[in-house]
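Student: Once you've had a glance at the structure underneath, I'll fire off some questions.
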Amino acid sequence: MRKELETIREIEEYLQGQLSPADKAAFEARLATDVVLQEAVNVQQDVMQGVERSVLQQQVRQAAKQFARWQRIKRWGWGGAGVVIVAAIAIAVLLKTGHQAQAYEGNGLPTYNEAGEPLWADADRQLAAQVFTIEAGRDTVLATKKGLVLAIPANGLLDMDGKPASGRVSLVVKEALDAASIMRAGLSTRSGTQLLETGGMFMIDARQGSERLQINPAAGIYLEVPTDSIKPGMQLYSGKRLADGGIDWVNPVALEHDLTTVDIHSLDFYPPHYLDSLRRWGYDHLNKQFTDSLYYSFATGDYALPEDYYDEGMYLQLPVGIERHSNLIYDFYQFLRQNMSVEEQLEEGGDSLPGRQTPRYIITRRKDTFWHPDFSCFVSPAIVQTIWSDAYQQTLVATREFEARLKVIHASGNNKLLEGYLEELERPMWQIDSAVAAYSSGNTKKQFESFAARRDGKVRASNALLLKLKAYYKTATEAHMLAARKTRDEYRRKQEQLDSIARRTTAKYYREEQRRLDSNLQQELDINLKDAYRQLGYDTVPRPLPPANVYRVQVTAAGWYNVDRMVVGATYQRQTGIFTDSITKRTATITYSPVQFTVQEKASYDRLYLYLLPDQLSSFMRVSDSSGVFREQLNSLMTYRLIVIGYRGDHAWAFTHMDVKPADYSNISLSPIGNPDSLLQRISSFGQATDLQREQRYFSFAAKDQQRRQQEVERWKLWLNTLKVLLDNEQKCSVRMYSASEK
Amino acid sequence: MDDQKILQLLKENANDKALAALYRHFPMVRKMIRNYGGTPEDAADIFQEALIIVCTQARKDQLQLTAKLSTYLYSVCKYLWKDEVKKRRGQMPVTLEDDLTAAQTTNLDAFRAADQRVRLAEQVISELGDRCRELLLLFYEQGLKLRDIALRMGYSAEHTAKNQKYKCIEAAKGRLKELQQLSPDTSNLLP
């Protein structure tokens, strides 16, 4: 031994009073003079006191923890987390008939051990038994002196015949949880030749009178072993008593730990990339109400085709009305072409997409795998809707661990895997993981195998609750599915209705418009003609002309007809016309003079209309603009009133002017009127009020309907894009389109 | 468990049972400390500190009980909290009487001054390697036989374990000396 260590040994013996009187005297003599030695003794004494304090500190902390655990157990009973051991796995309790066995008492032992063998280890004799009397038919939580907590479920103990024990039973625990008691008990921490790091050792046995009981393997006894820190890789070893009184530790099993539930609404049960994608597309991915309603709109579950379409997963109907509105539908098909696998049927009619019979169906198809009834293209949102609810709070579902598994299930697209968990809520997670791994294949299988290896346990919940949930699951899922269908069908019906209304209203408007224009033209022509004849000196009431669309009738005679033609031409083209009568040499002139208008901040109006109201016609003239300038020709025979109407959102603006002259009216500034109804009120005093009001009403309707269709197309785009996200899984379904005629 | 039994256990170094019994008084102390502006965490710290003091005093026969053990424990907690509040500047001053006798207070003051030195040693122990710490704890505190310790810790022979133990003490002493030189010894300075 080194000299320094020698000194340390000597000081230690001195401090612990282990020196012989002679040695002690000699040491003290040296100490009196040797300052260095004095200091060495002081420091060493400090170290020893430090050790002492360190132990005390540990014991105090231990006591604090135990106190806290008791508080928790008192408050929550079965709930709570910790290291939990399924004792049923570890502690084999056998059935061989024990004859007259004495009871456990202090260090005294019955003749036969829990396995029915007359064999006991030194540790059995060294450690005092703690005997608890419990009611076998009730849930019991108890704690041992050293802080093991045992939870014995009702009917958790079975008699020799495998029937649940009833009445009072004795539960016996011997424990050695800290290093000192382990050593005092003569327990080794070796497994074969391997040295183990122990978290504590214990023996459990259950008896009823002289009869040995076994732990119900279906229920297990739950055991919490107190620990300062949870170390990974801790395993539970079973003790095998050896003939020499020792114990060998065998059959290590990984420890299972209880799962802690969290608020189910703080978890994310959506498919991977769902929220991401919404965010990327610019939607409000944080609005749960929106994200839910979109996701659950896929809950209808009625995509399956009749049997003869057995290889095809689902079909969808496109919005019915939109093919009537070519620019929208065109955009929409452009979108489909870019985003979906739009196939042959669509290609054939490709040239004449807008306007012609348009494709109606989108079909997803499972290409490379065999069809079977359980098949799903993606995890049913109806199921997710069922479980992502308060009903499943405090269950396996409301855990971070389940959230992680659901992500993988979404990626597999397989409903069956999800159902595996929901039908086995009472089991430890790892057992379901293993079952699901066995059922699946490929990458999914690997992931579930690694889940199973984590040995995630269960969530303690009452059996009654779990049973109720199993029943609830089917009915609620069905209900959600039906509700989703109903909502969708109602929505579709509503849209179809609106489409049909829009079609009828539009058709009616155009009919009216045509009639109005015809009658305007007729009246203006009459006025022009009458004036032309007056100028030429004929006092003639003009004959009514045939309808506008037969004006091209060839006339052979000169005279009036020529005049008529000139007037008709001028009126049609709204251009000044001059005619000289070959007989009277008099000249008739129909004068049209240009007028133009520009409106201030024209672009700031959603819609802007400019009308001229001629005093002598029964209806208005709508002036169209070209590159921001409204141009028209004024007939010098009439006076015109100007009205400009603009809309910004729900607010109407207007400008009126009496007696418009052929001039350049620039920067017309509109004044606010209020809502469109007040506008209609305002123009009711005008000459052509009825037509004008009717037209404004239609325009407002058309603008709204356009908006609706636009929204409808956006909705479909979002829906289809989302569908793509849902289909992005291992089931490899894809979207196809067929023309409507095929169906 | 009555006071006699608890004191008996403490003297016999059967601390865990005694501590479990003493912990029953924690809720009372927690309430007191909360009443005087402390958090539940403060209460836990103070109570543990008080337990260490009471246990150590009991073992060394330094307890001067004038009433029940629980009363004393409660008073020690008050005494410690009063001190803590004084230390925390910026907090409102708290009028807090600890109900200790003058002798008890003197005794506690001395104990705590000495304890500072021991705390330093404790810190050194806690910073030792796992095996060294376990070896020392098993040896000194649990009073286990060297043979058992060697077996448990996987040393081939008793003398190896012994040798190892001395090396651990050497390491601890070296480190402690360093620290003691950094922080002046205050054990002899009574307030």
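Identifiers in the structure tokens: chain A, B, ... in order shown; residue index from 1 per chain; ligand index from 1 in order shown.
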Please check the contacts: residues of chain A at most 7 Å away from chain B, using only C-alpha atoms, listed as a ChimeraX atom specification.

Tutor: /A:5,8-9,43-44,46-47,49-57,59-60,63,67,180,183,188-189

Student: Skip Leu529 (chain A) itself and residues of its chain fewer than 3 positions away, then list as a compact mmCIF listing (two decimals) with N, CA and C atoms, in the first residue's frame all residues within 7 Å of it, counting only C-alpha atoms.

Tutor:
# COMPACT_ATOMS: atom_id res chain seq x y z
N LEU A 525 -85.62 54.55 -83.80
CA LEU A 525 -85.77 54.56 -85.25
C LEU A 525 -87.00 55.38 -85.65
N ASP A 526 -88.08 55.16 -84.94
CA ASP A 526 -89.31 55.90 -85.23
C ASP A 526 -89.07 57.40 -85.12
N ALA A 532 -86.63 62.83 -89.97
CA ALA A 532 -86.09 62.88 -91.34
C ALA A 532 -87.19 63.29 -92.31
N TYR A 533 -88.38 62.73 -92.17
CA TYR A 533 -89.49 63.09 -93.06
C TYR A 533 -89.89 64.54 -92.89
N PRO A 542 -94.69 57.70 -89.88
CA PRO A 542 -93.97 56.51 -90.36
C PRO A 542 -94.73 55.23 -90.03
N ASP A 564 -85.70 55.58 -95.32
CA ASP A 564 -85.77 54.62 -94.22
C ASP A 564 -84.42 53.97 -94.01
N VAL A 567 -81.88 56.20 -92.42
CA VAL A 567 -82.18 56.41 -91.01
C VAL A 567 -81.87 55.15 -90.19

Student: Give me, as a PyMOL selection string, all polymer residues having an atom no more than 12 Å from Ser684 (chain A), counting only C-alpha atoms and skipping those fewer than 6 positions away in the same chain.

Tutor: chain A and resi 677-678+690-694+696

Student: Give me a file of those residues, with N, CA and C atoms, as a tab-separated table (two decimals), in the first residue's frame.

Tutor:
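selection_29.tsv written:
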chain	number	residue	atom	x	y	z
A	677	ASP	N	-80.27	48.53	-51.61
A	677	ASP	CA	-81.71	48.80	-51.55
A	677	ASP	C	-82.00	50.29	-51.59
A	678	SER	N	-81.18	51.05	-50.86
A	678	SER	CA	-81.42	52.50	-50.91
A	678	SER	C	-81.16	53.04	-52.31
A	690	THR	N	-88.18	50.99	-63.70
A	690	THR	CA	-88.47	49.56	-63.59
A	690	THR	C	-87.38	48.73	-64.24
A	691	ASP	N	-87.04	49.08	-65.47
A	691	ASP	CA	-86.00	48.33	-66.16
A	691	ASP	C	-84.67	48.44	-65.44
A	692	LEU	N	-84.38	49.66	-65.02
A	692	LEU	CA	-83.10	49.91	-64.38
A	692	LEU	C	-82.98	49.11	-63.08
A	693	GLN	N	-84.08	49.14	-62.33
A	693	GLN	CA	-84.06	48.40	-61.07
A	693	GLN	C	-83.91	46.90	-61.33
A	694	ARG	N	-84.64	46.46	-62.33
A	694	ARG	CA	-84.59	45.03	-62.64
A	694	ARG	C	-83.17	44.62	-63.02
A	696	GLN	N	-80.36	46.15	-62.24
A	696	GLN	CA	-79.45	46.22	-61.10
A	696	GLN	C	-79.63	45.02	-60.18

Student: Mind pulling up the distance from CA of Gln64 (chain B) to CA of Gln45 (chain A)?

Tutor: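 Rounded to one decimal, the two atoms are 25.2 Å apart.
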
Student: Could you jot down the CA of Leu100 (chain B) to CA of Ala14 (chain B) separation for me, Å, one decimal place?

Tutor: 26.9 Å

Student: Write out as a ChimeraX atom specification the set of residues from region 559-628 of chain A that DSSP, computed on the backbone, places in strand (DSSP E).

Tutor: /A:577-580,587-590,592-599,607-614,621-623,625-626

Student: Report the distance between CA of Thr722 (chain A) and CA of Tyr274 (chain A) in Å, rounded to one decimal place.

Tutor: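 Between CA of Thr722 (chain A) and CA of Tyr274 (chain A) the gap is 7.3 Å.
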
Student: Excluding Leu612 (chain A) and its own-chain neighbours fewer than 3 positions away, which residues fall within 10 Å of it when counting only C-alpha atoms? Please give them as a list in words.

Tutor: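 Selected residues are Asp615, Ser619, Phe620, Met621, Arg622, Val623, Glu632, Leu634, Thr639, Tyr640, Arg641, Leu642, Ile643, Val644, Thr656, His657, Met658, Asp659 and Val660 of chain A.
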
Student: Within 12 Å of Ser627 (chain A), counting only C-alpha atoms, which residues show up once you throw out same-chain ones fewer than 2 positions away? Write them as JSON, numbers by chain, please.

Tutor: {"A": [597, 598, 599, 602, 603, 624, 625, 629, 630, 631]}

Student: For Glu512 (chain A), which of A:Tyr698, A:Ala64, A:Arg212, A:Ala22 is the closest residue, counting only C-alpha atoms?

Tutor: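 For Glu512 (chain A), the nearest of the given residues is A:Tyr698.
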
Student: Identify all residues of region 360-541 of chain A in helix (DSSP H, G or I) (DSSP on the backbone) and supply them as a PyMOL selection string.

Tutor: chain A and resi 381-387+390-392+396-398+400-412+415-422+429-439+442-453+463-536
